[in-house]
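J.: Right, I'll just put the structure down here and ask away after.
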Amino acid sequence: NDESKLYVSVESGDPPGVVAVDLKTGKTTKIETGAGGNYLWVQPKTDKLYLPTRDNRVVVIDTKTDRVLRSIPVQGGPNGVDFSPNGEVWVNGDRDGSVTVIDSKTDQVVTVIQPRAKGAGRVAASPDGRFVAATHGPEVSVIDVATKHTRQVVNTTGHDDYPAWAPDGQSLAFVSDRGGAQNVYLYDPSDEKILQLTDIIGGVFSMSWSRDNDRVVFSAFNEGGWDIFLAKEPLS
């Protein structure tokens, strides 16, 4: 979190693992993880790195020492990770749509939440700490962080992905192909209304909110190439 190191997942390496690059000295350190994984995340509060692997584990690495602290068995093809403000680690399962909750103090599994629908997706914790959104196949689940119960389920009849909460925690953006092409939709948990934000034939594939809550940035395939777009005042 002090931007002194860069971590890169080496999925097809021999052996697979993570490479830590010291940005001040240029020194590289190979951290063997036993199996590869696509994505990795560093938790802001603990400086621990979480790497979901292809063999149903989440490997925890201490970014201060670049040593493996723990290997946590996680079912369902763990793939995406996000952190709620209370310190919990939320992991989505790409094969069965499950959501696994890990206590970052002990790195033990707290619970596994099974959604109604199966399928690949992502998880996103709301900045206010109240909810976690999880996409899996044709549904978006809004899970109460305190109770671990699914509060709402949004059925879009398409494939949903890339959930992203507005910084104020009041609205959820996600990508869905419910209309044919993948586009950005806004969901308001208070009235359960869904609003289509973009209409791009080539499809939207990732997005992020600005910290000021007034813009959404996303990548999309447009006129034969990839471009970055900015939507101002998405809530207005």
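Chain labels follow the order of the structure tokens: the first chain is A, the next B, and so on; residue numbering restarts at 1 in every chain, and ligands are counted from 1 in their shown order.
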Contacts of Val145 in chain A at 6 Å or less, counting only C-alpha atoms, minus same-chain residues fewer than 3 places along, as a PyMOL selection string?
T.: chain A and resi 130-131+148
J.: Within 8 Å of Ala133 in chain A, counting only C-alpha atoms, which residues qualify if same-chain residues fewer than 3 places away don't, as a compact mmCIF listing (two decimals) with all heavy atoms, in the first residue's frame?
T.:
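Result file follows (result_2.txt):
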# COMPACT_ATOMS: atom_id res chain seq x y z
N VAL A 123 -17.21 -10.16 -6.97
CA VAL A 123 -17.77 -9.63 -5.73
C VAL A 123 -17.30 -8.19 -5.56
O VAL A 123 -16.23 -7.81 -6.03
CB VAL A 123 -17.35 -10.46 -4.49
CG1 VAL A 123 -18.07 -11.79 -4.47
CG2 VAL A 123 -15.84 -10.65 -4.45
N ALA A 124 -18.11 -7.39 -4.87
CA ALA A 124 -17.76 -5.99 -4.59
C ALA A 124 -18.39 -5.58 -3.27
O ALA A 124 -19.60 -5.72 -3.08
CB ALA A 124 -18.25 -5.08 -5.72
N ALA A 125 -17.56 -5.08 -2.35
CA ALA A 125 -18.03 -4.61 -1.05
C ALA A 125 -18.38 -3.14 -1.13
O ALA A 125 -17.65 -2.34 -1.74
CB ALA A 125 -16.97 -4.84 0.02
N SER A 126 -19.50 -2.75 -0.51
CA SER A 126 -19.88 -1.34 -0.52
C SER A 126 -18.97 -0.56 0.43
O SER A 126 -18.59 -1.06 1.49
CB SER A 126 -21.35 -1.18 -0.10
OG SER A 126 -21.55 -1.60 1.24
N VAL A 140 -27.70 -10.98 -9.70
CA VAL A 140 -26.86 -10.17 -8.82
C VAL A 140 -27.44 -10.29 -7.42
O VAL A 140 -28.61 -9.97 -7.20
CB VAL A 140 -26.84 -8.68 -9.25
CG1 VAL A 140 -25.93 -7.88 -8.34
CG2 VAL A 140 -26.40 -8.54 -10.70
N SER A 141 -26.63 -10.76 -6.48
CA SER A 141 -27.07 -10.88 -5.09
C SER A 141 -26.51 -9.72 -4.28
O SER A 141 -25.34 -9.37 -4.43
CB SER A 141 -26.60 -12.20 -4.47
OG SER A 141 -27.17 -13.30 -5.13
N VAL A 142 -27.35 -9.15 -3.42
CA VAL A 142 -26.91 -8.13 -2.47
C VAL A 142 -26.95 -8.78 -1.09
O VAL A 142 -28.02 -9.14 -0.59
CB VAL A 142 -27.81 -6.89 -2.52
CG1 VAL A 142 -27.37 -5.87 -1.48
CG2 VAL A 142 -27.77 -6.26 -3.92
N ILE A 143 -25.77 -8.95 -0.47
CA ILE A 143 -25.64 -9.69 0.77
C ILE A 143 -25.40 -8.72 1.93
O ILE A 143 -24.57 -7.81 1.82
CB ILE A 143 -24.47 -10.69 0.67
CG1 ILE A 143 -24.69 -11.64 -0.51
CG2 ILE A 143 -24.31 -11.47 1.98
CD1 ILE A 143 -23.47 -12.45 -0.88
N PRO A 163 -19.54 -6.03 -10.71
CA PRO A 163 -20.30 -5.13 -9.82
C PRO A 163 -19.39 -4.05 -9.24
O PRO A 163 -18.22 -4.31 -8.93
CB PRO A 163 -20.81 -6.08 -8.73
CG PRO A 163 -19.79 -7.18 -8.69
CD PRO A 163 -19.34 -7.36 -10.10
J.: Find the residues near Ala166 in chain A: any atom within 7 Å, counting only C-alpha atoms, skip ones fewer than 4 places away on the same chain, and give them as a ChimeraX atom specification.
T.: /A:170-172,209,213
J.: Would you put the residues from that selection into a file with C-alpha atoms, as a JSON list (two decimals), in the first residue's frame?
T.:
[["chain", "number", "residue", "atom", "x", "y", "z"],
["A", 170, "GLN", "CA", -26.30, 3.97, -2.35],
["A", 171, "SER", "CA", -26.15, 2.61, -5.92],
["A", 172, "LEU", "CA", -24.66, -0.44, -7.57],
["A", 209, "TRP", "CA", -16.46, 4.86, -10.03],
["A", 213, "ASN", "CA", -19.33, 9.77, -6.92]]
J.: Which one of A:Phe83, A:Trp41, A:Phe218, A:Trp165 sits closest to Thr63 in chain A if you count only C-alpha atoms?
T.: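 Comparing A:Phe83, A:Trp41, A:Phe218, A:Trp165 against Thr63 in chain A, the winner is A:Trp41.
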J.: Please report the interatomic distance between CA of Asp199 in chain A and CA of Pro138 in chain A in Å with one decimal.
T.: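 Rounded to one decimal, the two atoms are 19.0 Å apart.
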J.: Neighbours of Glu3 in chain A within 12 Å (only C-alpha atoms; same-chain residues fewer than 4 positions away dropped), as a PDB file with all heavy atoms, in the first residue's frame?
T.:
ATOM      1  N   TYR A   7       3.339  -6.378  -7.488  1.00  0.00           N
ATOM      2  CA  TYR A   7       3.168  -7.824  -7.473  1.00  0.00           C
ATOM      3  C   TYR A   7       2.504  -8.282  -8.765  1.00  0.00           C
ATOM      4  O   TYR A   7       1.522  -7.698  -9.217  1.00  0.00           O
ATOM      5  CB  TYR A   7       2.332  -8.251  -6.267  1.00  0.00           C
ATOM      6  CG  TYR A   7       3.077  -8.098  -4.958  1.00  0.00           C
ATOM      7  CD1 TYR A   7       3.061  -6.883  -4.275  1.00  0.00           C
ATOM      8  CD2 TYR A   7       3.814  -9.148  -4.429  1.00  0.00           C
ATOM      9  CE1 TYR A   7       3.764  -6.732  -3.089  1.00  0.00           C
ATOM     10  CE2 TYR A   7       4.517  -9.002  -3.244  1.00  0.00           C
ATOM     11  CZ  TYR A   7       4.486  -7.800  -2.579  1.00  0.00           C
ATOM     12  OH  TYR A   7       5.188  -7.645  -1.408  1.00  0.00           O
ATOM     13  N   ALA A  20       7.402 -10.463  -6.830  1.00  0.00           N
ATOM     14  CA  ALA A  20       7.401  -9.163  -6.159  1.00  0.00           C
ATOM     15  C   ALA A  20       8.549  -8.333  -6.720  1.00  0.00           C
ATOM     16  O   ALA A  20       9.694  -8.792  -6.738  1.00  0.00           O
ATOM     17  CB  ALA A  20       7.562  -9.340  -4.657  1.00  0.00           C
ATOM     18  N   VAL A  21       8.242  -7.118  -7.164  1.00  0.00           N
ATOM     19  CA  VAL A  21       9.251  -6.220  -7.728  1.00  0.00           C
ATOM     20  C   VAL A  21       9.406  -5.024  -6.807  1.00  0.00           C
ATOM     21  O   VAL A  21       8.443  -4.292  -6.560  1.00  0.00           O
ATOM     22  CB  VAL A  21       8.863  -5.747  -9.141  1.00  0.00           C
ATOM     23  CG1 VAL A  21       9.967  -4.858  -9.712  1.00  0.00           C
ATOM     24  CG2 VAL A  21       8.581  -6.930 -10.056  1.00  0.00           C
ATOM     25  N   ASP A  22      10.604  -4.839  -6.266  1.00  0.00           N
ATOM     26  CA  ASP A  22      10.914  -3.661  -5.455  1.00  0.00           C
ATOM     27  C   ASP A  22      11.125  -2.478  -6.394  1.00  0.00           C
ATOM     28  O   ASP A  22      12.075  -2.457  -7.182  1.00  0.00           O
ATOM     29  CB  ASP A  22      12.164  -3.900  -4.612  1.00  0.00           C
ATOM     30  CG  ASP A  22      12.399  -2.800  -3.597  1.00  0.00           C
ATOM     31  OD1 ASP A  22      12.322  -1.613  -3.975  1.00  0.00           O
ATOM     32  OD2 ASP A  22      12.681  -3.118  -2.426  1.00  0.00           O
ATOM     33  N   LEU A  23      10.230  -1.503  -6.348  1.00  0.00           N
ATOM     34  CA  LEU A  23      10.275  -0.400  -7.306  1.00  0.00           C
ATOM     35  C   LEU A  23      11.411   0.578  -7.042  1.00  0.00           C
ATOM     36  O   LEU A  23      11.745   1.380  -7.915  1.00  0.00           O
ATOM     37  CB  LEU A  23       8.932   0.348  -7.290  1.00  0.00           C
ATOM     38  CG  LEU A  23       7.711  -0.492  -7.680  1.00  0.00           C
ATOM     39  CD1 LEU A  23       6.449   0.338  -7.610  1.00  0.00           C
ATOM     40  CD2 LEU A  23       7.890  -1.088  -9.076  1.00  0.00           C
ATOM     41  N   LYS A  24      12.017   0.502  -5.877  1.00  0.00           N
ATOM     42  CA  LYS A  24      13.147   1.383  -5.577  1.00  0.00           C
ATOM     43  C   LYS A  24      14.467   0.800  -6.065  1.00  0.00           C
ATOM     44  O   LYS A  24      15.308   1.508  -6.610  1.00  0.00           O
ATOM     45  CB  LYS A  24      13.216   1.648  -4.074  1.00  0.00           C
ATOM     46  CG  LYS A  24      12.032   2.435  -3.534  1.00  0.00           C
ATOM     47  CD  LYS A  24      12.163   2.655  -2.028  1.00  0.00           C
ATOM     48  CE  LYS A  24      10.978   3.437  -1.491  1.00  0.00           C
ATOM     49  NZ  LYS A  24      11.064   3.632  -0.017  1.00  0.00           N
ATOM     50  N   VAL A  42      -4.316  -6.812  -2.584  1.00  0.00           N
ATOM     51  CA  VAL A  42      -3.682  -6.503  -1.307  1.00  0.00           C
ATOM     52  C   VAL A  42      -4.702  -5.803  -0.421  1.00  0.00           C
ATOM     53  O   VAL A  42      -5.299  -4.794  -0.819  1.00  0.00           O
ATOM     54  CB  VAL A  42      -2.440  -5.610  -1.500  1.00  0.00           C
ATOM     55  CG1 VAL A  42      -1.853  -5.225  -0.144  1.00  0.00           C
ATOM     56  CG2 VAL A  42      -1.389  -6.324  -2.346  1.00  0.00           C
ATOM     57  N   PRO A  44      -5.927  -3.335   2.256  1.00  0.00           N
ATOM     58  CA  PRO A  44      -5.372  -2.068   2.759  1.00  0.00           C
ATOM     59  C   PRO A  44      -5.029  -2.077   4.245  1.00  0.00           C
ATOM     60  O   PRO A  44      -4.033  -1.506   4.656  1.00  0.00           O
ATOM     61  CB  PRO A  44      -6.476  -1.047   2.448  1.00  0.00           C
ATOM     62  CG  PRO A  44      -7.263  -1.655   1.334  1.00  0.00           C
ATOM     63  CD  PRO A  44      -7.223  -3.134   1.586  1.00  0.00           C
ATOM     64  N   ASP A  47      -2.035  -5.186   4.775  1.00  0.00           N
ATOM     65  CA  ASP A  47      -0.926  -5.345   3.829  1.00  0.00           C
ATOM     66  C   ASP A  47      -0.694  -6.805   3.461  1.00  0.00           C
ATOM     67  O   ASP A  47       0.407  -7.187   3.057  1.00  0.00           O
ATOM     68  CB  ASP A  47       0.372  -4.731   4.369  1.00  0.00           C
ATOM     69  CG  ASP A  47       0.347  -3.215   4.338  1.00  0.00           C
ATOM     70  OD1 ASP A  47      -0.329  -2.657   3.465  1.00  0.00           O
ATOM     71  OD2 ASP A  47       0.999  -2.592   5.187  1.00  0.00           O
ATOM     72  N   THR A  63       3.156  -9.012   2.545  1.00  0.00           N
ATOM     73  CA  THR A  63       3.885  -8.150   1.612  1.00  0.00           C
ATOM     74  C   THR A  63       5.096  -7.462   2.251  1.00  0.00           C
ATOM     75  O   THR A  63       5.892  -6.850   1.552  1.00  0.00           O
ATOM     76  CB  THR A  63       2.950  -7.079   1.022  1.00  0.00           C
ATOM     77  OG1 THR A  63       2.414  -6.267   2.080  1.00  0.00           O
ATOM     78  CG2 THR A  63       1.806  -7.717   0.247  1.00  0.00           C
TER      79      THR A  63
END
J.: Just checking: using only C-alpha atoms, which residue out of A:Val19, A:Val175, A:Ile200, A:Val154 ends up closest to Asp227 in chain A?
T.: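 Going through A:Val19, A:Val175, A:Ile200, A:Val154 one by one, the smallest distance to Asp227 in chain A is for A:Ile200.
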J.: In range 90-134 of chain A, what's strand (DSSP E) per DSSP? Answer as a list in words?
T.: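 For range 90-134 of chain A, the strand (DSSP E) set is Trp90, Val91, Asn92, Gly93, Val99, Thr100, Val101, Ile102, Asp103, Gln108, Val109, Val110, Thr111, Val112, Ile113, Val123, Ala124, Ala125, Phe131, Val132, Ala133 and Ala134 of chain A.
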J.: Report the distance between CA of Gly137 in chain A and CA of Lys118 in chain A in Å, rounded to one decimal place.
T.: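 CA of Lys118 in chain A lies at a distance of 6.0 Å from CA of Gly137 in chain A.
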J.: Which residues, written as a VMD selection string, have at least one atom at most 8 Å from Val112 in chain A, with only C-alpha atoms counted and residues fewer than 2 positions away on the same chain left out?
T.: chain A and resid 98 to 101 109 to 110 114
J.: Store the residues of this selection in a file with N, CA, C and O atoms, as a PDB file, in the first residue's frame.
T.:
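Final output, out-v4.pdb:
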ATOM      1  N   SER A  98     -20.522 -19.643  -5.549  1.00  0.00           N
ATOM      2  CA  SER A  98     -20.505 -19.461  -4.096  1.00  0.00           C
ATOM      3  C   SER A  98     -19.714 -18.216  -3.703  1.00  0.00           C
ATOM      4  O   SER A  98     -18.872 -17.725  -4.453  1.00  0.00           O
ATOM      5  N   VAL A  99     -19.982 -17.716  -2.507  1.00  0.00           N
ATOM      6  CA  VAL A  99     -19.247 -16.593  -1.934  1.00  0.00           C
ATOM      7  C   VAL A  99     -18.686 -17.047  -0.587  1.00  0.00           C
ATOM      8  O   VAL A  99     -19.444 -17.419   0.310  1.00  0.00           O
ATOM      9  N   THR A 100     -17.365 -17.042  -0.459  1.00  0.00           N
ATOM     10  CA  THR A 100     -16.702 -17.466   0.769  1.00  0.00           C
ATOM     11  C   THR A 100     -16.221 -16.237   1.528  1.00  0.00           C
ATOM     12  O   THR A 100     -15.601 -15.346   0.943  1.00  0.00           O
ATOM     13  N   VAL A 101     -16.499 -16.195   2.830  1.00  0.00           N
ATOM     14  CA  VAL A 101     -16.106 -15.074   3.679  1.00  0.00           C
ATOM     15  C   VAL A 101     -14.964 -15.536   4.592  1.00  0.00           C
ATOM     16  O   VAL A 101     -15.079 -16.559   5.276  1.00  0.00           O
ATOM     17  N   VAL A 109     -11.954 -19.439   7.275  1.00  0.00           N
ATOM     18  CA  VAL A 109     -13.251 -19.261   6.613  1.00  0.00           C
ATOM     19  C   VAL A 109     -14.339 -19.074   7.663  1.00  0.00           C
ATOM     20  O   VAL A 109     -14.477 -19.895   8.579  1.00  0.00           O
ATOM     21  N   VAL A 110     -15.104 -17.998   7.527  1.00  0.00           N
ATOM     22  CA  VAL A 110     -16.210 -17.708   8.443  1.00  0.00           C
ATOM     23  C   VAL A 110     -17.471 -18.434   8.001  1.00  0.00           C
ATOM     24  O   VAL A 110     -18.157 -19.082   8.790  1.00  0.00           O
ATOM     25  N   GLN A 114     -24.263 -19.770  -0.474  1.00  0.00           N
ATOM     26  CA  GLN A 114     -24.630 -20.401  -1.736  1.00  0.00           C
ATOM     27  C   GLN A 114     -25.771 -19.629  -2.392  1.00  0.00           C
ATOM     28  O   GLN A 114     -26.849 -19.511  -1.824  1.00  0.00           O
TER      29      GLN A 114
END
J.: Report, in Å with one decimal, the straight-line distance from CA of Arg95 in chain A to CA of Tyr162 in chain A.
T.: 16.2 Å
J.: Counting only C-alpha atoms, which of A:Thr150, A:Ser176, A:Ser84, A:Thr53 gets nearest to Ile194 in chain A?
T.: A:Ser176
J.: Find the residues around range 11-18 of chain A up to 8 Å (only C-alpha atoms counted), leave out those fewer than 3 positions away in its own chain, and share them as an MDAnalysis selection string.
T.: chainID A and resid 7:8 30:38
J.: Quick one: write out the picked residues with C-alpha atoms as a PDB file, in the first residue's frame?
T.:
ATOM      1  CA  TYR A   7       3.168  -7.824  -7.473  1.00  0.00           C
ATOM      2  CA  VAL A   8       2.586  -9.867 -10.633  1.00  0.00           C
ATOM      3  CA  LYS A  30       9.695 -15.159  -6.729  1.00  0.00           C
ATOM      4  CA  ILE A  31       7.079 -16.419  -4.280  1.00  0.00           C
ATOM      5  CA  GLU A  32       6.033 -19.993  -5.027  1.00  0.00           C
ATOM      6  CA  THR A  33       2.357 -20.707  -4.463  1.00  0.00           C
ATOM      7  CA  GLY A  34       2.044 -24.300  -5.696  1.00  0.00           C
ATOM      8  CA  ALA A  35      -0.563 -23.384  -8.317  1.00  0.00           C
ATOM      9  CA  GLY A  36      -1.242 -20.356 -10.473  1.00  0.00           C
ATOM     10  CA  GLY A  37      -4.016 -17.803 -10.341  1.00  0.00           C
ATOM     11  CA  ASN A  38      -5.217 -14.952 -12.535  1.00  0.00           C
TER      12      ASN A  38
END
